[in-house]
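Shown next, in structure tokens, is the structure this report addresses.
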Amino acid sequence: MSKAFTKESDADDDEEFALPALPQGTRNYMTPQGYARLRAEFMELLDVERPKIVETVSWAAKNGDRSENGDYLYGKKRLREIDRRLRFLTKRLDIAEVADPSLHYGRDQIFFGATVTYANSKGEERTITIKGIDESDSLLGEVSWVSPIARALLKAREGDEVPLMTPGGAERLEVLEVRYPAPVSVKSPN
């Protein structure tokens, strides 16, 4: 049977944006900046990019033979990609719980949003920031709050030693410093 007569399933489309597993009974924590970034992407796709592609596909469809029309074929493919991403973002934004790390400013205990400097048993120091699943970027030193390192560090304080299970065996980490972003003061209008 020709591929033209097969229906693409939404389940196959959503595999590209498979939701990372959250521990049972937990929420999808996100910083205000992470939530705003996902929301902005959603609105850009919905209000700007998708209407442009729909217009292109509509124009291309009027040009005759669709089987050899590159604008039409590419446009339909891009529409599927946009719709798939919109479904993913909708799911993630619906279950998001925004947690402002600046509420812990000045504290030395590790919670969501903390920037933590720690040393391993070899004395090597590393700094990480604990963020949400959808916003963490390991290249920037950000880790998801459900990652093994974050889970080992959560609720520890400066000076504490915490165990971390690694593929190479158990390791002890010493918490050297805990920082949070400063609260943004809002000036009231006069």
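Letters for chains follow the order of the structure tokens (A, B, ...), residue numbers begin at 1 for each chain, and ligand numbers begin at 1 in the order shown.
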Give me the residues within 12 Å of stretch 49-55 of chain A as a VMD selection string, counting only C-alpha atoms and dropping any in the same chain fewer than 6 places off. chain A and resid 41 to 43 61 to 62 71 to 86
Write a file of the selected residues as a PDB file, in the first residue's frame, keeping N, CA, C and O atoms.
ATOM      1  N   GLU A  41       7.907  30.323  23.453  1.00  0.00           N
ATOM      2  CA  GLU A  41       8.059  29.433  22.301  1.00  0.00           C
ATOM      3  C   GLU A  41       6.686  28.975  21.803  1.00  0.00           C
ATOM      4  O   GLU A  41       6.420  28.970  20.603  1.00  0.00           O
ATOM      5  N   PHE A  42       5.810  28.605  22.737  1.00  0.00           N
ATOM      6  CA  PHE A  42       4.461  28.178  22.385  1.00  0.00           C
ATOM      7  C   PHE A  42       3.726  29.274  21.611  1.00  0.00           C
ATOM      8  O   PHE A  42       3.139  29.028  20.560  1.00  0.00           O
ATOM      9  N   MET A  43       3.766  30.499  22.140  1.00  0.00           N
ATOM     10  CA  MET A  43       3.049  31.609  21.510  1.00  0.00           C
ATOM     11  C   MET A  43       3.651  31.958  20.142  1.00  0.00           C
ATOM     12  O   MET A  43       2.920  32.274  19.206  1.00  0.00           O
ATOM     13  N   ALA A  61      -0.945  24.690  -2.536  1.00  0.00           N
ATOM     14  CA  ALA A  61      -1.992  23.747  -2.917  1.00  0.00           C
ATOM     15  C   ALA A  61      -2.755  24.232  -4.141  1.00  0.00           C
ATOM     16  O   ALA A  61      -3.260  23.425  -4.931  1.00  0.00           O
ATOM     17  N   LYS A  62      -2.819  25.533  -4.317  1.00  0.00           N
ATOM     18  CA  LYS A  62      -3.535  26.104  -5.460  1.00  0.00           C
ATOM     19  C   LYS A  62      -2.731  26.022  -6.759  1.00  0.00           C
ATOM     20  O   LYS A  62      -3.250  26.303  -7.821  1.00  0.00           O
ATOM     21  N   ASP A  71       7.071  23.277  -2.093  1.00  0.00           N
ATOM     22  CA  ASP A  71       6.520  24.160  -1.066  1.00  0.00           C
ATOM     23  C   ASP A  71       5.394  23.468  -0.308  1.00  0.00           C
ATOM     24  O   ASP A  71       5.300  23.576   0.920  1.00  0.00           O
ATOM     25  N   TYR A  72       4.563  22.746  -1.027  1.00  0.00           N
ATOM     26  CA  TYR A  72       3.443  22.054  -0.410  1.00  0.00           C
ATOM     27  C   TYR A  72       3.950  20.916   0.489  1.00  0.00           C
ATOM     28  O   TYR A  72       3.558  20.811   1.655  1.00  0.00           O
ATOM     29  N   LEU A  73       4.841  20.088  -0.051  1.00  0.00           N
ATOM     30  CA  LEU A  73       5.343  18.932   0.709  1.00  0.00           C
ATOM     31  C   LEU A  73       6.116  19.370   1.954  1.00  0.00           C
ATOM     32  O   LEU A  73       5.900  18.850   3.053  1.00  0.00           O
ATOM     33  N   TYR A  74       7.019  20.351   1.779  1.00  0.00           N
ATOM     34  CA  TYR A  74       7.787  20.833   2.929  1.00  0.00           C
ATOM     35  C   TYR A  74       6.848  21.496   3.941  1.00  0.00           C
ATOM     36  O   TYR A  74       6.988  21.296   5.147  1.00  0.00           O
ATOM     37  N   GLY A  75       5.903  22.292   3.456  1.00  0.00           N
ATOM     38  CA  GLY A  75       4.971  22.984   4.336  1.00  0.00           C
ATOM     39  C   GLY A  75       4.149  22.027   5.175  1.00  0.00           C
ATOM     40  O   GLY A  75       3.962  22.240   6.375  1.00  0.00           O
ATOM     41  N   LYS A  76       3.641  20.959   4.556  1.00  0.00           N
ATOM     42  CA  LYS A  76       2.858  19.964   5.306  1.00  0.00           C
ATOM     43  C   LYS A  76       3.728  19.281   6.364  1.00  0.00           C
ATOM     44  O   LYS A  76       3.289  19.072   7.494  1.00  0.00           O
ATOM     45  N   LYS A  77       4.955  18.976   5.986  1.00  0.00           N
ATOM     46  CA  LYS A  77       5.874  18.341   6.944  1.00  0.00           C
ATOM     47  C   LYS A  77       6.144  19.292   8.108  1.00  0.00           C
ATOM     48  O   LYS A  77       6.111  18.899   9.272  1.00  0.00           O
ATOM     49  N   ARG A  78       6.409  20.554   7.799  1.00  0.00           N
ATOM     50  CA  ARG A  78       6.694  21.541   8.842  1.00  0.00           C
ATOM     51  C   ARG A  78       5.470  21.765   9.736  1.00  0.00           C
ATOM     52  O   ARG A  78       5.610  21.928  10.950  1.00  0.00           O
ATOM     53  N   LEU A  79       4.276  21.743   9.156  1.00  0.00           N
ATOM     54  CA  LEU A  79       3.059  21.875   9.968  1.00  0.00           C
ATOM     55  C   LEU A  79       2.926  20.737  10.972  1.00  0.00           C
ATOM     56  O   LEU A  79       2.547  20.954  12.123  1.00  0.00           O
ATOM     57  N   ARG A  80       3.244  19.517  10.529  1.00  0.00           N
ATOM     58  CA  ARG A  80       3.205  18.371  11.458  1.00  0.00           C
ATOM     59  C   ARG A  80       4.209  18.564  12.590  1.00  0.00           C
ATOM     60  O   ARG A  80       3.906  18.267  13.747  1.00  0.00           O
ATOM     61  N   GLU A  81       5.405  19.058  12.252  1.00  0.00           N
ATOM     62  CA  GLU A  81       6.426  19.294  13.281  1.00  0.00           C
ATOM     63  C   GLU A  81       5.961  20.351  14.282  1.00  0.00           C
ATOM     64  O   GLU A  81       6.121  20.191  15.491  1.00  0.00           O
ATOM     65  N   ILE A  82       5.392  21.440  13.770  1.00  0.00           N
ATOM     66  CA  ILE A  82       4.900  22.510  14.646  1.00  0.00           C
ATOM     67  C   ILE A  82       3.774  21.995  15.536  1.00  0.00           C
ATOM     68  O   ILE A  82       3.768  22.242  16.746  1.00  0.00           O
ATOM     69  N   ASP A  83       2.822  21.269  14.958  1.00  0.00           N
ATOM     70  CA  ASP A  83       1.703  20.744  15.746  1.00  0.00           C
ATOM     71  C   ASP A  83       2.183  19.768  16.814  1.00  0.00           C
ATOM     72  O   ASP A  83       1.673  19.764  17.937  1.00  0.00           O
ATOM     73  N   ARG A  84       3.178  18.956  16.469  1.00  0.00           N
ATOM     74  CA  ARG A  84       3.743  18.009  17.431  1.00  0.00           C
ATOM     75  C   ARG A  84       4.391  18.777  18.595  1.00  0.00           C
ATOM     76  O   ARG A  84       4.186  18.458  19.757  1.00  0.00           O
ATOM     77  N   ARG A  85       5.144  19.827  18.280  1.00  0.00           N
ATOM     78  CA  ARG A  85       5.801  20.632  19.314  1.00  0.00           C
ATOM     79  C   ARG A  85       4.762  21.381  20.158  1.00  0.00           C
ATOM     80  O   ARG A  85       4.913  21.493  21.371  1.00  0.00           O
ATOM     81  N   LEU A  86       3.713  21.863  19.534  1.00  0.00           N
ATOM     82  CA  LEU A  86       2.651  22.542  20.285  1.00  0.00           C
ATOM     83  C   LEU A  86       1.966  21.593  21.269  1.00  0.00           C
ATOM     84  O   LEU A  86       1.682  21.982  22.411  1.00  0.00           O
TER      85      LEU A  86
END
Residues of chain A in strand (DSSP E or B), written as a PyMOL selection string: chain A and resi 28-30+96-98+109+115-119+125-131+142-144+157+161-166+169-179
Taking C-alpha atoms for each residue, export the selection above as an mmCIF file, in the first residue's frame.
data_model
loop_
_atom_site.group_PDB
_atom_site.id
_atom_site.type_symbol
_atom_site.label_atom_id
_atom_site.label_comp_id
_atom_site.auth_asym_id
_atom_site.auth_seq_id
_atom_site.Cartn_x
_atom_site.Cartn_y
_atom_site.Cartn_z
ATOM 1 C CA ASN A 28 7.008 19.465 37.012
ATOM 2 C CA TYR A 29 8.911 22.227 38.809
ATOM 3 C CA MET A 30 10.154 25.094 36.703
ATOM 4 C CA ALA A 96 4.238 22.986 35.277
ATOM 5 C CA GLU A 97 4.562 24.317 38.795
ATOM 6 C CA VAL A 98 6.545 27.521 38.879
ATOM 7 C CA GLN A 109 20.162 24.892 52.466
ATOM 8 C CA THR A 115 23.453 27.143 42.539
ATOM 9 C CA VAL A 116 25.707 24.751 44.426
ATOM 10 C CA THR A 117 29.483 24.486 44.532
ATOM 11 C CA TYR A 118 30.694 21.133 45.811
ATOM 12 C CA ALA A 119 33.919 19.135 45.961
ATOM 13 C CA GLU A 125 35.243 21.484 42.641
ATOM 14 C CA ARG A 126 32.203 21.838 40.438
ATOM 15 C CA THR A 127 29.304 24.283 40.356
ATOM 16 C CA ILE A 128 25.802 23.323 39.208
ATOM 17 C CA THR A 129 22.374 24.951 39.214
ATOM 18 C CA ILE A 130 19.344 22.792 39.982
ATOM 19 C CA LYS A 131 16.534 23.517 37.514
ATOM 20 C CA GLU A 142 22.451 23.081 34.923
ATOM 21 C CA VAL A 143 20.993 19.791 36.126
ATOM 22 C CA SER A 144 17.426 18.592 36.456
ATOM 23 C CA ARG A 157 23.527 22.632 53.773
ATOM 24 C CA GLU A 161 28.882 15.790 53.181
ATOM 25 C CA VAL A 162 26.420 13.775 51.105
ATOM 26 C CA PRO A 163 26.722 10.328 49.522
ATOM 27 C CA LEU A 164 26.264 9.965 45.756
ATOM 28 C CA MET A 165 25.929 6.593 44.038
ATOM 29 C CA THR A 166 27.790 6.606 40.722
ATOM 30 C CA GLY A 169 30.660 3.239 43.224
ATOM 31 C CA ALA A 170 29.725 5.447 46.153
ATOM 32 C CA GLU A 171 31.289 8.876 46.357
ATOM 33 C CA ARG A 172 31.135 11.593 49.021
ATOM 34 C CA LEU A 173 30.482 15.202 48.059
ATOM 35 C CA GLU A 174 31.141 18.180 50.308
ATOM 36 C CA VAL A 175 28.838 21.162 49.867
ATOM 37 C CA LEU A 176 31.037 24.262 49.727
ATOM 38 C CA GLU A 177 28.604 27.032 48.794
ATOM 39 C CA VAL A 178 24.881 27.504 48.160
ATOM 40 C CA ARG A 179 23.561 30.563 46.295
#
What's the separation between atom CA of A:Arg87 and atom CA of A:Leu45, in Å to one decimal place?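 These atoms are spaced 11.2 Å apart.
Rounded to one decimal, atom CA of A:Arg39 and atom CA of A:Ser58 lie 27.3 Å from each other.
Nearest to A:Lys91 of all the residues A:Val48, A:Leu38, A:Ile110, A:Leu140 is A:Leu38, counting only C-alpha atoms.
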Just checking: using only C-alpha atoms, which residue out of A:Pro167, A:Gly70, A:Pro32, A:Gly159 ends up closest to A:Ala99?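 Of A:Pro167, A:Gly70, A:Pro32, A:Gly159, the one nearest A:Ala99, counting only C-alpha atoms, is A:Pro32.
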Counting only C-alpha atoms, what is within 6 Å of A:Glu135, bar same-chain residues fewer than 2 positions away, as a PyMOL selection string? chain A and resi 34+132-133
Could you save those same residues with all heavy atoms as a CSV table (one decimal), in the first residue's frame?
chain,number,residue,atom,x,y,z
A,34,GLY,N,12.2,29.8,33.1
A,34,GLY,CA,12.0,28.6,32.3
A,34,GLY,C,10.6,28.5,31.8
A,34,GLY,O,10.3,28.2,30.6
A,132,GLY,N,14.5,22.8,36.4
A,132,GLY,CA,13.4,21.9,36.0
A,132,GLY,C,13.9,21.0,34.8
A,132,GLY,O,14.9,21.3,34.1
A,133,ILE,N,13.2,19.9,34.6
A,133,ILE,CA,13.5,19.0,33.6
A,133,ILE,C,13.5,19.6,32.2
A,133,ILE,O,14.4,19.4,31.4
A,133,ILE,CB,12.5,17.8,33.6
A,133,ILE,CG1,12.7,17.0,34.8
A,133,ILE,CG2,12.6,17.0,32.3
A,133,ILE,CD1,11.6,15.9,35.0
